[in-house]
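*Asks:* As input, take final-v4.cif (mmCIF, C-alpha atoms and all ligand atoms):
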data_coords
#
loop_
_atom_site.label_atom_id
_atom_site.label_comp_id
_atom_site.auth_asym_id
_atom_site.auth_seq_id
_atom_site.Cartn_x
_atom_site.Cartn_y
_atom_site.Cartn_z
CA LEU A 1 41.83 93.95 149.06
CA PRO A 2 40.24 90.43 148.83
CA THR A 3 43.24 89.31 146.76
CA ILE A 4 45.74 90.55 149.36
CA LEU A 5 43.76 88.95 152.22
CA GLY A 6 43.57 85.70 150.29
CA GLU A 7 47.34 85.68 149.76
CA MET A 8 47.93 86.39 153.47
CA GLN A 9 45.57 83.57 154.46
CA ASP A 10 47.25 81.14 152.06
CA GLY A 11 50.70 82.09 153.41
CA MET A 12 49.67 81.55 157.05
CA PHE A 13 48.01 78.24 156.17
CA GLU A 14 51.11 76.96 154.35
CA ARG A 15 53.40 78.00 157.23
CA ALA A 16 51.17 76.20 159.74
CA ARG A 17 50.99 73.08 157.55
CA ALA A 18 54.80 73.01 157.11
CA PHE A 19 55.32 73.44 160.87
CA ARG A 20 52.89 70.60 161.63
CA ASP A 21 54.49 68.27 159.08
CA GLU A 22 57.99 69.10 160.32
CA HIS A 23 57.08 68.14 163.91
CA THR A 24 54.98 65.02 163.23
CA HIS A 25 56.76 61.68 163.05
CA PRO A 26 55.50 58.17 162.32
CA ILE A 27 56.80 56.04 165.21
CA ASP A 28 56.53 52.26 165.47
CA GLY A 29 57.31 50.07 168.46
CA ARG A 30 57.26 50.73 172.16
CA ALA A 31 61.02 51.37 172.51
CA ALA A 32 61.07 54.05 169.81
CA PHE A 33 57.87 55.60 171.18
CA ASP A 34 59.26 55.77 174.73
CA ALA A 35 62.57 57.19 173.49
CA PHE A 36 60.75 59.90 171.52
CA PHE A 37 58.76 61.07 174.55
CA THR A 38 61.38 60.58 177.29
CA PRO A 39 63.22 63.81 178.19
CA LYS A 40 66.99 63.77 177.51
CA ASN A 41 67.64 65.59 180.78
CA ALA A 42 65.85 63.76 183.61
CA GLU A 43 66.62 66.45 186.21
CA ARG A 44 65.40 69.37 184.13
CA PRO A 45 63.06 67.88 181.51
CA GLU A 46 62.97 69.98 178.35
CA ALA A 47 59.69 70.90 176.65
CA HIS A 48 58.67 68.36 174.02
CA GLY A 49 57.04 69.86 170.99
CA GLY A 50 56.63 66.86 168.74
CA PHE A 51 53.74 64.69 167.63
CA ALA A 52 53.84 60.95 167.01
CA MET A 53 51.59 59.16 164.53
CA SER A 54 51.52 55.67 166.01
CA HIS A 55 49.38 52.58 166.15
CA TRP A 56 46.85 52.20 168.95
CA CYS A 57 44.65 49.13 169.51
CA GLY A 58 41.65 51.18 170.69
CA ASN A 59 41.88 49.96 174.30
CA ALA A 60 41.40 52.71 176.90
CA ALA A 61 43.79 50.89 179.27
CA CYS A 62 46.67 51.41 176.80
CA GLU A 63 45.83 55.10 176.53
CA ALA A 64 45.70 55.40 180.35
CA GLU A 65 49.08 53.68 180.72
CA LEU A 66 50.74 56.18 178.37
CA LYS A 67 49.20 59.07 180.26
CA ASP A 68 50.45 57.75 183.61
CA ARG A 69 53.90 56.69 182.44
CA LEU A 70 54.88 59.38 179.91
CA LYS A 71 52.18 62.08 180.23
CA VAL A 72 51.32 61.35 176.60
CA THR A 73 47.72 61.44 175.37
CA ILE A 74 45.90 60.90 172.11
CA ARG A 75 45.13 64.25 170.50
CA CYS A 76 43.38 63.20 167.35
CA VAL A 77 42.03 60.11 165.61
CA PRO A 78 42.20 61.33 162.01
CA PHE A 79 39.17 60.51 159.85
CA ASP A 80 41.26 60.50 156.71
CA SER A 81 44.26 58.44 157.78
CA PRO A 82 44.74 55.43 155.52
CA LYS A 83 43.88 51.96 156.87
CA GLU A 84 47.17 50.41 157.86
CA ASP A 85 47.77 47.27 159.90
CA GLY A 86 50.28 47.53 162.71
CA ALA A 87 50.88 46.85 166.38
CA CYS A 88 49.77 49.01 169.32
CA VAL A 89 52.74 50.90 170.78
CA VAL A 90 51.67 49.85 174.28
CA CYS A 91 50.41 46.26 174.19
CA GLY A 92 51.46 45.08 170.73
CA GLU A 93 47.91 44.00 169.81
CA LYS A 94 46.63 44.51 166.28
CA SER A 95 45.83 48.03 165.18
CA HIS A 96 44.30 49.15 161.90
CA HIS A 97 45.13 52.84 161.98
CA ARG A 98 47.50 55.42 163.44
CA VAL A 99 46.44 58.14 165.88
CA LEU A 100 48.17 61.34 166.88
CA PHE A 101 49.96 61.39 170.26
CA ALA A 102 51.50 64.35 172.09
CA LYS A 103 52.90 65.06 175.52
CA SER A 104 50.99 67.21 178.02
CA TYR A 105 52.45 69.45 180.68
ZN ZN A 201 47.05 48.48 173.08
#
Would you kindly transcribe this structure into C-alpha cells?

*Replies:*
Amino acid sequence: LPTILGEMQDGMFERARAFRDEHTHPIDGRAAFDAFFTPKNAERPEAHGGFAMSHWCGNAACEAELKDRLKVTIRCVPFDSPKEDGACVVCGEKSHHRVLFAKSY
C-alpha cells in the first residue's frame, strides 16, 4: 500500500508541476506585460489563468498601480529565483529579481 500511495502522490505532484510550468511565462517590458493581462474581448472579458514572472523594483506604488489598472497582484516572491538584473515592468527602474504576478477577479 505505501508503494501505491507513493506512486499516486508522485503522479499528482508531476501533473501539478507541469500545469504550473505550462501556464507561467517570463514577461519583460510594460507593453508585453499589459498585453498578456488585457482581455481580448473588452465587453465580455475572458478568465485569465496565466502567471507572469516579471521584474519588479520593490516599490509598493508600482504594485498598487498594477492592481488598479489591470487587477494584477504579486502572488509570490520566490526565495530560490536566480538573481537577474532587469527593469521593473511598471516604472522601468532597476530590478534584481523576478516575482510572480497573476490577475485577480
Ligand atoms: Zn517599479

*Asks:* Using only C-alpha atoms, can you tell me which of A:Trp56, A:Val72, A:Ala64, A:Met12 comes closest to Asp85 of chain A?

*Replies:*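 Nearest to Asp85 of chain A: A:Trp56.
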
*Asks:* Would you mind reading off the distance between atom CA of Ser95 of chain A and atom CA of Lys40 of chain A, one decimal, in Å?

*Replies:* 29.1 Å

*Asks:* Report the distance between atom CA of Met53 of chain A and atom CA of Phe101 of chain A in Å, rounded to one decimal place.

*Replies:*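 Calculated distance between atom CA of Met53 of chain A and atom CA of Phe101 of chain A is 6.4 Å.
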
*Asks:* Restricting the calculation to only C-alpha atoms: of A:Leu5, A:Cys62, A:Val99, A:Phe13, which residue gets closest to Pro78 of chain A?

*Replies:* A:Val99

*Asks:* Can I get the residues close to ligand ZN 201 (chain A) as a PyMOL selection string, where close means within 9 Å and we count all atoms listed in the file?

*Replies:* chain A and resi 55-63+87-95

*Asks:* Restricting the output to C-alpha atoms, write the selected residues as a PDB file, keeping the file's coordinate frame.

*Replies:*
ATOM      1  CA  HIS A  55      49.380  52.580 166.150  1.00  0.00           C
ATOM      2  CA  TRP A  56      46.850  52.200 168.950  1.00  0.00           C
ATOM      3  CA  CYS A  57      44.650  49.130 169.510  1.00  0.00           C
ATOM      4  CA  GLY A  58      41.650  51.180 170.690  1.00  0.00           C
ATOM      5  CA  ASN A  59      41.880  49.960 174.300  1.00  0.00           C
ATOM      6  CA  ALA A  60      41.400  52.710 176.900  1.00  0.00           C
ATOM      7  CA  ALA A  61      43.790  50.890 179.270  1.00  0.00           C
ATOM      8  CA  CYS A  62      46.670  51.410 176.800  1.00  0.00           C
ATOM      9  CA  GLU A  63      45.830  55.100 176.530  1.00  0.00           C
ATOM     10  CA  ALA A  87      50.880  46.850 166.380  1.00  0.00           C
ATOM     11  CA  CYS A  88      49.770  49.010 169.320  1.00  0.00           C
ATOM     12  CA  VAL A  89      52.740  50.900 170.780  1.00  0.00           C
ATOM     13  CA  VAL A  90      51.670  49.850 174.280  1.00  0.00           C
ATOM     14  CA  CYS A  91      50.410  46.260 174.190  1.00  0.00           C
ATOM     15  CA  GLY A  92      51.460  45.080 170.730  1.00  0.00           C
ATOM     16  CA  GLU A  93      47.910  44.000 169.810  1.00  0.00           C
ATOM     17  CA  LYS A  94      46.630  44.510 166.280  1.00  0.00           C
ATOM     18  CA  SER A  95      45.830  48.030 165.180  1.00  0.00           C
TER      19      SER A  95
END

*Asks:* So how far away is atom CA of Gly49 of chain A from atom CA of Lys71 of chain A, in Å?

*Replies:* 13.0 Å

*Asks:* Quick one: of A:Arg17, A:Lys67, A:Arg30, A:His23, who's nearest to His48 of chain A, counting all atoms listed in the file?

*Replies:*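 Selected residue with least distance to His48 of chain A: A:His23.
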
*Asks:* Find the residues around Phe51 of chain A up to 8 Å (all atoms listed in the file counted), leave out those fewer than 4 positions away in its own chain, and share them as a list in words.

*Replies:* His23, Thr24, His25, Leu100, Phe101, Ala102 and Lys103 of chain A

*Asks:* Could you write out the selected residues, including C-alpha atoms, as a compact mmCIF listing (two decimals), in the coordinates of the input?

*Replies:*
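See selection00.txt below for the written result:
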# COMPACT_ATOMS: atom_id res chain seq x y z
CA HIS A 23 57.08 68.14 163.91
CA THR A 24 54.98 65.02 163.23
CA HIS A 25 56.76 61.68 163.05
CA LEU A 100 48.17 61.34 166.88
CA PHE A 101 49.96 61.39 170.26
CA ALA A 102 51.50 64.35 172.09
CA LYS A 103 52.90 65.06 175.52

*Asks:* Between A:Leu70, A:Pro2, A:Phe19, A:Gly86, which is the closest to Phe36 of chain A once you count all atoms listed in the file?

*Replies:*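 Looking only at the distances to Phe36 of chain A, the closest residue turns out to be A:Leu70.
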